[in-house]
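Shown below: target_4.tsv, with TSV, C-alpha atoms.
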```tsv
chain	number	residue	atom	x	y	z
Z	1	MET	CA	0.00	0.00	0.00
Z	2	GLN	CA	1.25	3.45	-0.89
Z	3	TYR	CA	1.13	6.27	1.67
Z	4	ARG	CA	0.90	10.00	1.00
Z	5	GLN	CA	1.32	13.11	3.11
Z	6	LEU	CA	-2.03	14.55	4.19
Z	7	GLY	CA	-1.92	18.15	3.07
Z	8	GLY	CA	0.55	20.37	4.87
Z	9	SER	CA	0.77	18.07	7.89
Z	10	GLY	CA	3.38	15.49	8.84
Z	11	PHE	CA	0.62	12.85	8.86
Z	12	LYS	CA	0.84	10.05	6.27
Z	13	VAL	CA	-2.27	8.19	5.15
Z	14	PRO	CA	-2.80	5.21	2.84
Z	15	VAL	CA	-3.95	6.11	-0.67
Z	16	LEU	CA	-7.05	4.00	-0.04
Z	17	SER	CA	-9.39	4.36	2.95
Z	18	LEU	CA	-12.38	2.15	3.73
Z	19	GLY	CA	-15.67	3.99	4.06
Z	20	THR	CA	-18.15	2.72	6.63
Z	21	GLY	CA	-21.35	4.02	5.04
Z	22	THR	CA	-22.27	0.37	4.44
Z	23	PHE	CA	-22.02	-0.46	8.16
Z	24	GLY	CA	-25.37	-0.85	9.92
Z	25	GLY	CA	-27.86	-0.24	7.14
Z	26	GLY	CA	-30.10	2.03	9.22
Z	27	GLY	CA	-32.77	3.96	7.30
Z	28	GLU	CA	-33.62	3.74	3.62
Z	29	MET	CA	-30.60	5.65	2.37
Z	30	PHE	CA	-27.96	3.71	4.28
Z	31	LYS	CA	-29.75	0.40	3.76
Z	32	ALA	CA	-29.31	1.06	0.02
Z	33	TRP	CA	-25.55	1.31	0.63
Z	34	GLY	CA	-25.32	-1.92	2.60
Z	35	SER	CA	-26.02	-3.49	5.98
Z	36	THR	CA	-22.66	-4.80	7.18
Z	37	ASP	CA	-22.79	-6.18	10.72
Z	38	VAL	CA	-19.97	-6.47	13.29
Z	39	ALA	CA	-18.77	-9.89	12.12
Z	40	GLU	CA	-18.65	-8.79	8.48
Z	41	ALA	CA	-17.01	-5.49	9.37
Z	42	THR	CA	-14.36	-7.29	11.41
Z	43	ARG	CA	-13.54	-9.46	8.42
Z	44	LEU	CA	-13.30	-6.41	6.14
Z	45	VAL	CA	-10.91	-4.78	8.61
Z	46	ASP	CA	-8.83	-7.98	8.60
Z	47	VAL	CA	-8.57	-7.87	4.80
Z	48	CYS	CA	-7.73	-4.16	4.83
Z	49	LEU	CA	-4.94	-4.51	7.39
Z	50	ASP	CA	-3.46	-7.47	5.50
Z	51	ALA	CA	-3.27	-5.20	2.43
Z	52	GLY	CA	-1.84	-2.23	4.35
Z	53	LEU	CA	-5.07	-0.22	4.25
Z	54	THR	CA	-5.16	1.25	7.74
Z	55	MET	CA	-7.57	4.19	7.49
Z	56	PHE	CA	-11.31	3.90	8.11
Z	57	ASP	CA	-13.76	6.75	7.51
Z	58	SER	CA	-17.10	7.19	9.24
Z	59	ALA	CA	-19.57	9.87	10.36
Z	60	ASP	CA	-22.02	10.31	13.21
Z	61	VAL	CA	-24.98	10.36	10.81
Z	62	TYR	CA	-24.12	7.04	9.16
Z	63	SER	CA	-27.05	4.91	10.33
Z	64	GLN	CA	-27.48	7.38	13.22
Z	65	GLY	CA	-24.22	6.39	14.91
Z	66	VAL	CA	-24.47	2.64	14.34
Z	67	ALA	CA	-21.68	2.70	11.73
Z	68	GLU	CA	-19.29	4.20	14.29
Z	69	GLU	CA	-20.33	1.61	16.85
Z	70	ILE	CA	-19.70	-1.25	14.41
Z	71	LEU	CA	-16.34	0.21	13.39
Z	72	GLY	CA	-15.37	0.52	17.05
Z	73	GLN	CA	-16.18	-3.14	17.62
Z	74	ALA	CA	-14.37	-4.21	14.44
Z	75	VAL	CA	-11.09	-2.53	15.46
Z	76	LYS	CA	-11.33	-3.39	19.15
Z	77	GLY	CA	-7.99	-4.59	20.49
Z	78	ARG	CA	-6.05	-3.17	17.55
Z	79	ARG	CA	-6.68	0.57	17.80
Z	80	ASP	CA	-2.94	1.18	17.53
Z	81	GLN	CA	-2.93	-0.42	14.06
Z	82	VAL	CA	-5.62	1.78	12.50
Z	83	LEU	CA	-6.36	5.39	11.65
Z	84	ILE	CA	-9.91	6.57	12.25
Z	85	SER	CA	-11.53	9.54	10.56
Z	86	THR	CA	-15.07	10.63	11.27
Z	87	LYS	CA	-17.31	13.62	10.74
Z	88	ALA	CA	-20.02	15.76	12.33
Z	89	THR	CA	-22.15	18.83	11.52
Z	90	PHE	CA	-25.27	17.28	9.98
Z	91	ARG	CA	-28.37	16.92	12.13
Z	92	ILE	CA	-28.12	14.02	14.60
Z	93	GLY	CA	-31.15	14.72	16.82
Z	94	ASP	CA	-34.34	16.74	17.12
Z	95	GLY	CA	-33.04	19.52	19.35
Z	96	PRO	CA	-32.18	23.04	18.15
Z	97	ASN	CA	-28.48	22.44	18.92
Z	98	ASP	CA	-28.26	18.94	17.43
Z	99	VAL	CA	-26.85	20.30	14.17
Z	100	GLY	CA	-24.12	22.62	12.96
Z	101	SER	CA	-20.59	23.59	13.95
Z	102	SER	CA	-21.20	25.49	17.18
Z	103	ARG	CA	-19.01	24.87	20.22
Z	104	PHE	CA	-22.01	23.26	21.89
Z	105	HIS	CA	-22.72	20.80	19.09
Z	106	LEU	CA	-19.16	19.93	18.07
Z	107	THR	CA	-18.06	19.25	21.65
Z	108	ARG	CA	-21.00	16.94	22.21
Z	109	ALA	CA	-20.55	15.31	18.79
Z	110	VAL	CA	-16.89	14.49	19.39
Z	111	GLU	CA	-17.60	13.05	22.84
Z	112	ALA	CA	-20.40	10.91	21.41
Z	113	SER	CA	-18.22	9.66	18.54
Z	114	LEU	CA	-15.44	8.75	20.97
Z	115	ARG	CA	-17.91	6.69	23.01
Z	116	ARG	CA	-19.32	4.90	19.98
Z	117	LEU	CA	-15.88	4.20	18.53
Z	118	GLY	CA	-14.54	2.98	21.87
Z	119	THR	CA	-11.46	5.19	21.66
Z	120	ASP	CA	-10.05	8.25	23.39
Z	121	TYR	CA	-8.87	10.04	20.25
Z	122	ILE	CA	-9.82	10.55	16.59
Z	123	ASP	CA	-7.01	10.72	14.06
Z	124	LEU	CA	-8.85	12.97	11.60
Z	125	PHE	CA	-12.02	14.83	12.52
Z	126	GLN	CA	-13.86	16.61	9.71
Z	127	LEU	CA	-16.80	18.99	9.52
Z	128	HIS	CA	-19.33	17.21	7.30
Z	129	GLY	CA	-20.46	20.51	5.79
Z	130	PHE	CA	-20.22	24.27	6.24
Z	131	ASP	CA	-22.34	25.97	8.89
Z	132	ALA	CA	-23.09	29.55	7.88
Z	133	THR	CA	-24.95	30.25	11.13
Z	134	THR	CA	-21.92	29.80	13.39
Z	135	PRO	CA	-18.95	32.21	13.32
Z	136	ILE	CA	-15.95	30.48	11.75
Z	137	GLU	CA	-13.85	31.72	14.67
Z	138	GLU	CA	-16.07	29.82	17.12
Z	139	THR	CA	-15.82	26.62	15.09
Z	140	LEU	CA	-12.05	26.74	14.67
Z	141	MET	CA	-11.40	27.70	18.30
Z	142	THR	CA	-13.51	24.73	19.38
Z	143	LEU	CA	-11.62	22.36	17.10
Z	144	ASP	CA	-8.31	23.80	18.29
Z	145	ASP	CA	-9.34	23.18	21.92
Z	146	LEU	CA	-10.23	19.57	21.07
Z	147	VAL	CA	-6.84	19.11	19.40
Z	148	LYS	CA	-5.06	20.55	22.45
Z	149	ALA	CA	-7.10	18.24	24.68
Z	150	GLY	CA	-5.81	15.25	22.71
Z	151	LYS	CA	-9.25	14.18	21.52
Z	152	ILE	CA	-8.48	15.01	17.87
Z	153	ARG	CA	-5.14	14.69	16.11
Z	154	TYR	CA	-5.87	16.51	12.84
Z	155	ILE	CA	-8.83	18.48	11.47
Z	156	GLY	CA	-10.43	18.66	8.06
Z	157	CYS	CA	-13.62	19.78	6.39
Z	158	SER	CA	-15.97	18.33	3.82
Z	159	ASN	CA	-18.19	19.68	1.06
Z	160	PHE	CA	-16.95	23.27	1.51
Z	161	SER	CA	-17.05	25.89	-1.22
Z	162	GLY	CA	-13.74	27.48	-2.14
Z	163	TRP	CA	-14.44	30.62	-0.15
Z	164	HIS	CA	-15.57	28.60	2.89
Z	165	LEU	CA	-12.25	26.79	2.96
Z	166	MET	CA	-10.05	29.79	2.17
Z	167	LYS	CA	-11.72	32.00	4.78
Z	168	SER	CA	-11.29	29.23	7.36
Z	169	LEU	CA	-7.61	28.85	6.53
Z	170	ALA	CA	-7.11	32.61	6.79
Z	171	ILE	CA	-8.75	32.69	10.24
Z	172	SER	CA	-6.59	29.79	11.42
Z	173	GLU	CA	-3.50	31.69	10.29
Z	174	LYS	CA	-4.67	34.95	11.85
Z	175	TYR	CA	-5.24	33.45	15.31
Z	176	GLY	CA	-2.68	30.64	15.26
Z	177	LEU	CA	-5.35	27.94	15.37
Z	178	SER	CA	-5.27	24.36	14.11
Z	179	ARG	CA	-5.56	24.32	10.34
Z	180	TYR	CA	-7.58	22.15	7.99
Z	181	VAL	CA	-5.15	19.68	6.41
Z	182	ALA	CA	-7.84	17.74	4.54
Z	183	HIS	CA	-10.92	18.45	2.48
Z	184	GLN	CA	-13.21	15.47	1.98
Z	185	ALA	CA	-14.72	16.20	-1.40
Z	186	TYR	CA	-16.67	14.49	-4.16
Z	187	TYR	CA	-14.53	13.76	-7.20
Z	188	SER	CA	-14.96	11.19	-9.94
Z	189	LEU	CA	-14.83	10.74	-13.69
Z	190	VAL	CA	-18.50	11.73	-13.83
Z	191	GLY	CA	-18.10	14.56	-11.32
Z	192	ARG	CA	-15.07	16.74	-12.03
Z	193	ASP	CA	-16.32	20.03	-10.55
Z	194	TYR	CA	-13.65	19.68	-7.83
Z	195	GLU	CA	-11.06	20.65	-10.44
Z	196	TRP	CA	-12.55	24.08	-11.12
Z	197	GLU	CA	-11.69	25.88	-7.89
Z	198	LEU	CA	-11.15	23.44	-5.03
Z	199	MET	CA	-8.19	21.65	-6.61
Z	200	PRO	CA	-6.23	24.86	-7.37
Z	201	LEU	CA	-6.97	26.03	-3.82
Z	202	ALA	CA	-5.84	22.69	-2.39
Z	203	LEU	CA	-2.56	22.86	-4.30
Z	204	ASP	CA	-1.95	26.49	-3.37
Z	205	GLN	CA	-2.79	26.03	0.33
Z	206	ASN	CA	-1.56	22.44	0.70
Z	207	VAL	CA	-4.84	20.81	1.68
Z	208	GLY	CA	-5.10	17.11	0.89
Z	209	ALA	CA	-8.17	15.78	-0.88
Z	210	VAL	CA	-9.93	12.89	0.82
Z	211	VAL	CA	-12.17	11.79	-2.04
Z	212	TRP	CA	-15.66	10.46	-1.39
Z	213	SER	CA	-17.62	8.45	-3.94
Z	214	PRO	CA	-14.79	8.13	-6.51
Z	215	LEU	CA	-17.07	5.76	-8.46
Z	216	GLY	CA	-19.66	8.48	-8.99
Z	217	TRP	CA	-22.23	7.26	-6.45
Z	218	GLY	CA	-22.09	3.71	-7.79
Z	219	ARG	CA	-22.36	4.67	-11.46
Z	220	LEU	CA	-18.86	3.49	-12.44
Z	221	THR	CA	-18.93	-0.02	-11.02
Z	222	GLY	CA	-19.16	-1.49	-14.52
Z	223	LYS	CA	-22.74	-2.62	-13.95
Z	224	ILE	CA	-24.43	0.52	-15.32
Z	225	ARG	CA	-24.73	0.43	-19.11
Z	226	ARG	CA	-26.96	1.58	-21.95
Z	227	GLY	CA	-30.09	-0.46	-22.47
Z	228	GLN	CA	-29.62	-2.54	-19.33
Z	229	PRO	CA	-31.74	-2.45	-16.15
Z	230	LEU	CA	-30.14	-1.32	-12.92
Z	231	PRO	CA	-28.60	-4.18	-10.93
Z	232	GLU	CA	-30.50	-5.20	-7.81
Z	233	THR	CA	-27.64	-4.29	-5.47
Z	234	THR	CA	-27.00	-0.70	-6.61
Z	235	ARG	CA	-27.86	2.23	-4.34
Z	236	LEU	CA	-29.38	3.89	-7.41
Z	237	LYS	CA	-32.42	1.63	-6.94
Z	238	SER	CA	-33.34	3.71	-3.89
Z	239	LYS	CA	-35.02	7.04	-4.67
Z	240	VAL	CA	-33.76	8.52	-1.38
Z	241	ALA	CA	-30.16	7.50	-2.10
Z	242	ARG	CA	-30.44	8.57	-5.72
Z	243	ASP	CA	-31.91	11.98	-4.89
Z	244	ASN	CA	-29.23	12.65	-2.24
Z	245	GLY	CA	-26.34	11.72	-4.51
Z	246	PRO	CA	-24.42	13.81	-7.05
Z	247	PRO	CA	-26.47	14.57	-10.17
Z	248	VAL	CA	-25.26	13.43	-13.59
Z	249	SER	CA	-27.02	12.61	-16.84
Z	250	ASP	CA	-27.29	9.01	-18.00
Z	251	LYS	CA	-25.74	9.95	-21.35
Z	252	HIS	CA	-22.63	11.33	-19.68
Z	253	VAL	CA	-22.28	8.19	-17.57
Z	254	TYR	CA	-22.61	5.98	-20.65
Z	255	ASP	CA	-20.03	8.01	-22.60
Z	256	VAL	CA	-17.52	7.67	-19.77
Z	257	VAL	CA	-18.22	3.96	-19.34
Z	258	ASP	CA	-17.57	3.46	-23.08
Z	259	ALA	CA	-14.07	4.90	-22.62
Z	260	LEU	CA	-13.56	2.81	-19.48
Z	261	ASP	CA	-14.60	-0.32	-21.39
Z	262	GLN	CA	-12.03	0.43	-24.08
Z	263	ILE	CA	-9.24	0.71	-21.50
Z	264	ALA	CA	-10.51	-2.38	-19.65
Z	265	ALA	CA	-10.02	-4.36	-22.85
Z	266	GLU	CA	-6.46	-3.03	-23.12
Z	267	THR	CA	-5.44	-3.58	-19.51
Z	268	GLY	CA	-7.45	-6.49	-18.19
Z	269	LYS	CA	-8.54	-4.30	-15.29
Z	270	SER	CA	-12.19	-3.76	-14.37
Z	271	VAL	CA	-14.16	-0.60	-15.11
Z	272	ALA	CA	-14.22	0.27	-11.40
Z	273	GLN	CA	-10.48	-0.31	-10.96
Z	274	ILE	CA	-9.67	1.98	-13.89
Z	275	ALA	CA	-12.01	4.70	-12.61
Z	276	LEU	CA	-10.39	4.55	-9.17
Z	277	ASN	CA	-6.87	4.58	-10.59
Z	278	TRP	CA	-7.70	7.70	-12.61
Z	279	VAL	CA	-8.70	9.54	-9.42
Z	280	LEU	CA	-5.56	8.36	-7.62
Z	281	GLN	CA	-3.40	10.00	-10.28
Z	282	ARG	CA	-4.99	13.44	-9.93
Z	283	PRO	CA	-3.18	16.37	-8.25
Z	284	SER	CA	-3.93	17.12	-4.57
Z	285	VAL	CA	-5.48	13.69	-3.90
Z	286	ALA	CA	-4.17	12.16	-0.66
Z	287	THR	CA	-6.57	9.23	-0.29
Z	288	ILE	CA	-9.75	7.93	-1.87
Z	289	ILE	CA	-12.53	6.34	0.15
Z	290	VAL	CA	-13.68	3.00	-1.22
Z	291	GLY	CA	-16.73	1.16	-0.01
Z	292	ALA	CA	-17.51	-2.53	-0.04
Z	293	ARG	CA	-20.67	-4.53	0.62
Z	294	ASN	CA	-18.61	-7.69	0.96
Z	295	GLU	CA	-15.08	-9.11	0.97
Z	296	GLU	CA	-15.04	-9.76	-2.78
Z	297	GLN	CA	-15.81	-6.12	-3.61
Z	298	LEU	CA	-13.18	-4.96	-1.15
Z	299	LYS	CA	-10.46	-7.13	-2.68
Z	300	GLN	CA	-11.32	-5.84	-6.15
Z	301	ASN	CA	-11.09	-2.25	-4.94
Z	302	LEU	CA	-7.74	-2.91	-3.28
Z	303	ASP	CA	-6.24	-3.84	-6.65
Z	304	VAL	CA	-5.98	-0.24	-7.87
Z	305	VAL	CA	-2.54	0.59	-6.52
Z	306	ASP	CA	0.96	-0.28	-7.74
Z	307	TRP	CA	0.02	0.37	-11.36
Z	308	ASN	CA	-0.90	3.45	-13.37
Z	309	LEU	CA	-2.85	4.27	-16.46
Z	310	THR	CA	-0.74	5.43	-19.38
Z	311	PRO	CA	-0.80	9.12	-20.39
Z	312	GLU	CA	-2.79	8.12	-23.50
Z	313	GLN	CA	-5.38	6.30	-21.42
Z	314	VAL	CA	-5.67	9.25	-19.03
Z	315	GLU	CA	-6.17	11.58	-22.01
Z	316	LEU	CA	-8.94	9.34	-23.36
Z	317	LEU	CA	-10.75	9.41	-20.02
Z	318	ASP	CA	-10.21	13.15	-19.64
Z	319	LYS	CA	-11.84	13.84	-23.00
Z	320	ALA	CA	-14.73	11.44	-22.41
Z	321	SER	CA	-15.51	13.01	-19.04
Z	322	GLU	CA	-15.17	16.71	-19.92
Z	323	THR	CA	-18.17	18.94	-19.27
Z	324	THR	CA	-18.98	22.59	-19.88
Z	325	LEU	CA	-17.42	24.76	-17.19
Z	326	ALA	CA	-19.32	27.34	-15.17
Z	327	TYR	CA	-18.28	31.01	-15.21
Z	328	PRO	CA	-15.64	32.29	-14.51
Z	329	TYR	CA	-13.79	29.00	-15.13
Z	330	TRP	CA	-14.56	28.79	-18.86
Z	331	HIS	CA	-13.32	32.36	-19.22
Z	332	GLN	CA	-10.11	31.66	-17.29
Z	333	ARG	CA	-9.35	28.70	-19.56
Z	334	GLY	CA	-8.87	31.20	-22.36
Z	335	PHE	CA	-5.95	32.81	-20.51
Z	336	GLU	CA	-3.86	29.84	-19.41
Z	337	GLU	CA	-0.65	31.82	-19.90
Z	338	ARG	CA	-1.38	33.48	-16.56
Z	339	ASN	CA	-3.91	30.96	-15.19
Z	340	PRO	CA	-2.24	27.59	-15.73
Z	341	ARG	CA	-4.43	24.57	-15.13
Z	342	PRO	CA	-3.41	22.12	-12.37
Z	343	VAL	CA	-4.41	19.15	-14.59
```

Can you turn what I pasted into structure tokens?
Amino acid sequence: MQYRQLGGSGFKVPVLSLGTGTFGGGGEMFKAWGSTDVAEATRLVDVCLDAGLTMFDSADVYSQGVAEEILGQAVKGRRDQVLISTKATFRIGDGPNDVGSSRFHLTRAVEASLRRLGTDYIDLFQLHGFDATTPIEETLMTLDDLVKAGKIRYIGCSNFSGWHLMKSLAISEKYGLSRYVAHQAYYSLVGRDYEWELMPLALDQNVGAVVWSPLGWGRLTGKIRRGQPLPETTRLKSKVARDNGPPVSDKHVYDVVDALDQIAAETGKSVAQIALNWVLQRPSVATIIVGARNEEQLKQNLDVVDWNLTPEQVELLDKASETTLAYPYWHQRGFEERNPRPV
């Protein structure tokens, strides 16, 4: 397993992390992802550690905390062998303070995650989304206090806009507070918006990308094709999961899968393995989060390291996955002499 530096920190993480959204299966959305129990999760952790994958990503809202509980049980007795990342900010209760990035909510959220995970520290704690109702200073001071207390080792954010992240970094610098070293962001061959502003920002400010859904919300598994019904096991069968996932047209998916099929014939790799390898080669990416309903899927996903697509294959995928840019990005592309592209 390859390891990369996480942003501007001294922390090294494996290029693959295992997501725990499939753990628990609570509620319609997470049931569509999977319903891995403790025994199955323990076996997945075994396979990951054998392959050198040591990082496991969760969130308090995954099956309303059950995913964290299952992960805690699965790594019990070997906490020193694993890296745990988790997230909070989304609503986790009915009360007025059971949501957001206030000192009140984040302090309670971290304590609750520690209990569920059965640990006394979190390696990487990330805000699951931006909270515009809480002063950024309050949020960052709270996270800094939790770092100083030893309950969090490193901090990151997720699903931030460029200005959300840059303003947060500026406030950290101004007050000498802990700094976001990671941005957990959506990025895939059928969702390249990350490249427009967040990737240049990440490279400029040294923030590592922790990529969620690198297979485009299950669209690049190799099972989604023109003229064929959706497979029974895909999350896209669930309206709730589909509506809460990244939007993309069927035509665009099919065009990208055509290019992936061509490269699969050349390499002997699967459509999913090629799509994951493409993301791994992109600038600013520190680790990509892979999911697995079972051991077979996990082992297939693990086989995306120690080889690289050729420049010609990358170019083919780049062209097949291009979309029209929003303003001002299409305008800036016309002046690359002074606005060079990161990719």

Q | Among listed residues Z:Gln205, Z:Glu137, Z:Glu111, Z:Gly191, nearest Lys174 in chain Z (using all atoms listed in the file) | A |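 Looking at the shortest contact to Lys174 in chain Z, the residue is Z:Glu137.
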
Q: Could you tell me how far CA of Asp120 in chain Z lies from CA of Lys151 in chain Z, in Å and to one decimal?
A: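 So the answer is 6.3 Å.
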
(Q) Using only C-alpha atoms for the distances, tell me which of Z:His164, Z:Arg79, Z:His105, Z:Lys31 is nearest to Ile122 in chain Z. (A) Z:Arg79

Q.
Give me the residues near Asp57 in chain Z as a PyMOL selection string, where near means some atom within 10 Å (using only C-alpha atoms) and where sequence neighbours in that chain fewer than 3 positions away do not count.
A. chain Z and resi 17-21+67-68+71+83-87+124-125+210+212+289-291

Q) Do you know which residues are at most 12 Å from Lys167 in chain Z counting only C-alpha atoms, after dropping those on the same chain fewer than 6 positions away, and could you put them as a list in words? A)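 Listed by chain and then number, they are Phe130, Pro135, Ile136, Glu137, Leu140, Phe160, Ser161, Glu173, Lys174, Arg179, Tyr180, Leu201 and Gln205 of chain Z.
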
Q) Rounded to one decimal in Å, what is the spacing between CA of Thr54 in chain Z and CA of Asn206 in chain Z? A)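 Calculated distance between CA of Thr54 in chain Z and CA of Asn206 in chain Z is 22.6 Å.
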
Would you give me, as CSV, each residue of range 185-216 of chain Z having an atom within 12 Å of an atom of range 311-317 of chain Z, along with its shortest atom pair and that distance in Å to one decimal, using all atoms listed in the file and sorting by chain and residue number?
```
residue,atom,partner,partner_atom,distance
Z:Ser188,CA,Z:Leu317,CA,11.1
Z:Leu189,CA,Z:Leu317,CA,7.6
Z:Val190,CA,Z:Leu317,CA,10.2
Z:Arg192,CA,Z:Leu317,CA,11.7
```

Quick one: write out the picked residues with C-alpha atoms as a PDB file, in the coordinates of the input?
```pdb
ATOM      1  CA  SER Z 188     -14.960  11.190  -9.940  1.00  0.00           C
ATOM      2  CA  LEU Z 189     -14.830  10.740 -13.690  1.00  0.00           C
ATOM      3  CA  VAL Z 190     -18.500  11.730 -13.830  1.00  0.00           C
ATOM      4  CA  ARG Z 192     -15.070  16.740 -12.030  1.00  0.00           C
TER       5      ARG Z 192
END
```

**Q.** Long-range neighbours of range 39-51 of chain Z as a PyMOL selection string, 8 Å cut-off, all atoms listed in the file, 5 positions minimum in chain
**A.** chain Z and resi 1+18+23+70-71+73-75+294-295+298-299+302

Using C-alpha atoms, can you write the selected residues to a file as a compact mmCIF listing (two decimals), in the frame of the given file?
```txt
# COMPACT_ATOMS: atom_id res chain seq x y z
CA MET Z 1 0.00 0.00 0.00
CA LEU Z 18 -12.38 2.15 3.73
CA PHE Z 23 -22.02 -0.46 8.16
CA ILE Z 70 -19.70 -1.25 14.41
CA LEU Z 71 -16.34 0.21 13.39
CA GLN Z 73 -16.18 -3.14 17.62
CA ALA Z 74 -14.37 -4.21 14.44
CA VAL Z 75 -11.09 -2.53 15.46
CA ASN Z 294 -18.61 -7.69 0.96
CA GLU Z 295 -15.08 -9.11 0.97
CA LEU Z 298 -13.18 -4.96 -1.15
CA LYS Z 299 -10.46 -7.13 -2.68
CA LEU Z 302 -7.74 -2.91 -3.28
```

Q: Could you tell me how far CA of Leu117 in chain Z lies from CA of Glu69 in chain Z, in Å and to one decimal?
A: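 Distance reported for this atom pair: 5.4 Å.
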